[in-house]
Amino acid sequence: MDLESLKKEAKLEIQKAKTIDELESIRIKHLGKKGSLTKILHSIGNLSVTERPKVGQLANKLKNELAESIEEKKKTIGKGKSYPWIDTSLPGRKSNTGGLHPLSILSQEIQDIFIRMGFSVVTGPEIETEYYNFTALNTPKHHPARDMHDTFYLKDGRLLRTHTSPVQIRTLEKNSPPLRIISPGKCYRVDTFDPIHSPTFTQIEGLWVDKNISMADLFGTLDSFAKNIFGKDVKTEFFPSYFPFTEPSAEMWIECPFCKGKGCSVCKKRGKIETVGAGMVHPNILKSLGYEGCNGFAFGMGVDRIAMTKYDIDDIRLFFQNELQFLRQFNDSKL
Ligand code: DAH
């Protein structure tokens, strides 16, 4: 076949083609290994020396031209013209995206409140030594307070931290006051898995050490935190408490947001809910780290508990069961 008729034939075929498959067959027919144009290109050697360059040039030109026309046509088919089964007027299907876990969302919200008050965020290890988890926090061996923390011990004597308070010590060892930090993270205790207990839970620790810090600073900071999380009308109350690492120690309770103090099942008829443990950093701790001229306050809160109060959830296990229906409520994206 001469080049001219080959060109005509191929162009017509390309014009008529309706599918990508058809175009592919046309390409193979003319440009494939055994294609008609390929054959011509291979037989050029048999031509006379004068004809060779002329025919070679024309054949190569045609090869590129056909390849280009096939590609062009493929693109127009790709636009849907030849795919009648695609209804381009249908709305697109939303792709599934994951969302943050409600405890991560709330933890971030709490962190943001303290960041706005000038605290910075530091984290510490979940596997701790007895020293950081207890001893350095004024809780020596055989101290009765250790019993309150049913601890998971590792074979090598280390443990899974029972609270985020060890980060106070790690931070004070590396940085000298003034400092203002919060520390979010997971904690572990040997607990039954029931509606109000979980062997793993999330805490946020806070620490502010400087000179002349008072209980009033502590109360003001925590009251402001409560108003940011539970609404500006929430009422807070502070009661004396006991923690080995603070002296004096206090608890902040908020008025039950569900019954407004009247007493209901959420607050167990108390009208209020315990929200944060706190106090003035025990002088023994500051002394042992060499900061005798300083004082400060510390606090610790359970993010799971705050989430249960804020969102009216009566079973902590819901946070760990990965029920999409439950988790979806906290995210805009419909997982
Ligand atoms: N670590 C305490 C707990 O897990 C919470 C806590 C109470 C932390 C008082 C503090 C604090 O920093 O001052 O129960």
# chains A, B, ... in the order shown; residues from 1 in each chain; ligands from 1
>>> residues_near_ligand(ligand="ligand 1", cutoff="6 Å", atoms="only C-alpha atoms and all ligand atoms", output="PyMOL selection string")
chain A and resi 163+165+205+243+246+277-279+298-300
>>> residues_around(residues="A:Glu109", least_positions_apart="5", cutoff="12 Å", atoms="only C-alpha atoms", output="list of chain:residue names")
A:Pro102, A:Leu103, A:Ser104, A:Phe114, A:Ile115, A:Arg116, A:Pro184, A:Ile204, A:Phe225, A:Ala226, A:Asn228, A:Ile229, A:Phe230, A:Val303, A:Ile306, A:Ala307
>>> atom_distance(atom1="atom CA of A:Gly92", atom2="atom CA of A:Lys18")
25.4 Å
>>> residues_around(residues="A:Asp314", least_positions_apart="4", cutoff="10 Å", atoms="only C-alpha atoms", output="VMD selection string")
chain A and resid 195 to 196 265 to 266 305 308 to 309 318
>>> select_by_dssp(residues="stretch 158-271 of chain A", states="strand (DSSP E or B)", output="VMD selection string")
chain A and resid 159 to 160 179 to 188 194 197 200 to 210 236 to 241 246 to 255
>>> closest_residue(among="A:Ala136, A:Val190, A:Ile113, A:Ile26", to="A:Glu173", atoms="only C-alpha atoms")
A:Ala136
>>> atom_distance(atom1="atom CA of A:Val167", atom2="atom CA of A:Tyr132")
7.9 Å
>>> residues_around(residues="A:Pro125", least_positions_apart="6", cutoff="10 Å", atoms="only C-alpha atoms", output="JSON, numbers by chain")
{"A": [160, 161, 164, 166, 167, 170, 185, 186, 187]}
>>> atom_distance(atom1="atom CA of A:Asn295", atom2="atom CA of A:Asp112")
24.7 Å
>>> residues_around(residues="stretch 146-151 of chain A", least_positions_apart="4", cutoff="9 Å", atoms="only C-alpha atoms", output="short mmCIF file (atom, residue, chain, number, x, y, z; two decimals) with N, CA and C atoms, in the first residue's frame")
data_model
loop_
_atom_site.label_atom_id
_atom_site.label_comp_id
_atom_site.auth_asym_id
_atom_site.auth_seq_id
_atom_site.Cartn_x
_atom_site.Cartn_y
_atom_site.Cartn_z
N PHE A 134 6.14 8.60 90.88
CA PHE A 134 5.79 8.69 92.31
C PHE A 134 6.83 9.44 93.16
N THR A 139 5.89 11.22 96.64
CA THR A 139 5.14 10.01 96.98
C THR A 139 6.13 8.84 97.11
N PRO A 140 6.90 8.80 98.22
CA PRO A 140 7.90 7.74 98.34
C PRO A 140 7.27 6.36 98.46
N LYS A 141 8.07 5.32 98.36
CA LYS A 141 7.59 3.93 98.52
C LYS A 141 6.81 3.81 99.81
N HIS A 142 5.79 2.99 99.79
CA HIS A 142 4.91 2.72 100.95
C HIS A 142 4.05 3.91 101.34
N LEU A 159 7.02 1.36 84.64
CA LEU A 159 5.57 1.26 84.74
C LEU A 159 4.89 2.10 83.67
N LEU A 160 3.58 1.85 83.46
CA LEU A 160 2.80 2.71 82.58
C LEU A 160 2.33 3.86 83.46
N ARG A 161 2.62 5.08 83.06
CA ARG A 161 2.33 6.21 83.96
C ARG A 161 0.86 6.22 84.36
N THR A 162 0.62 6.53 85.62
CA THR A 162 -0.76 6.51 86.12
C THR A 162 -1.39 7.90 86.04
N HIS A 163 -0.56 8.89 85.75
CA HIS A 163 -1.05 10.26 85.58
C HIS A 163 -0.02 11.05 84.76
N TYR A 188 -2.58 5.20 82.41
CA TYR A 188 -3.05 3.81 82.55
C TYR A 188 -3.19 3.44 84.02
N ARG A 189 -4.27 2.75 84.34
CA ARG A 189 -4.41 2.21 85.69
C ARG A 189 -5.13 0.87 85.61
N VAL A 190 -4.79 -0.03 86.53
CA VAL A 190 -5.46 -1.33 86.55
C VAL A 190 -6.88 -1.07 87.05
N ASP A 191 -7.79 -0.97 86.12
CA ASP A 191 -9.18 -0.65 86.48
C ASP A 191 -10.11 -1.57 85.70
#
>>> residues_around(residues="A:Arg270", least_positions_apart="4", cutoff="12 Å", atoms="only C-alpha atoms", output="ChimeraX atom specification")
/A:253-266,274
>>> residues_around(residues="stretch 30-42 of chain A", least_positions_apart="5", cutoff="7 Å", atoms="only C-alpha atoms", output="MDAnalysis selection string")
chainID A and resid 56 59 63
>>> closest_residue(among="A:Asn96, A:Ser224, A:Ser249, A:Ser198", to="A:Phe319", atoms="only C-alpha atoms")
A:Ser198
>>> closest_atom_pairs(of="stretch 116-212 of chain A", to="stretch 285-292 of chain A", cutoff="8 Å", atoms="only C-alpha atoms", output="Markdown table")
| residue | atom | partner | partner_atom | distance |
| --- | --- | --- | --- | --- |
| A:Ala136 | CA | A:Ile285 | CA | 6.9 |
| A:Leu137 | CA | A:Ile285 | CA | 6.6 |
| A:Asn138 | CA | A:Ile285 | CA | 6.6 |
| A:Leu172 | CA | A:Leu289 | CA | 7.3 |
| A:Glu173 | CA | A:Leu289 | CA | 6.8 |
| A:Ser176 | CA | A:Tyr291 | CA | 7.9 |
| A:Pro177 | CA | A:Tyr291 | CA | 8.0 |
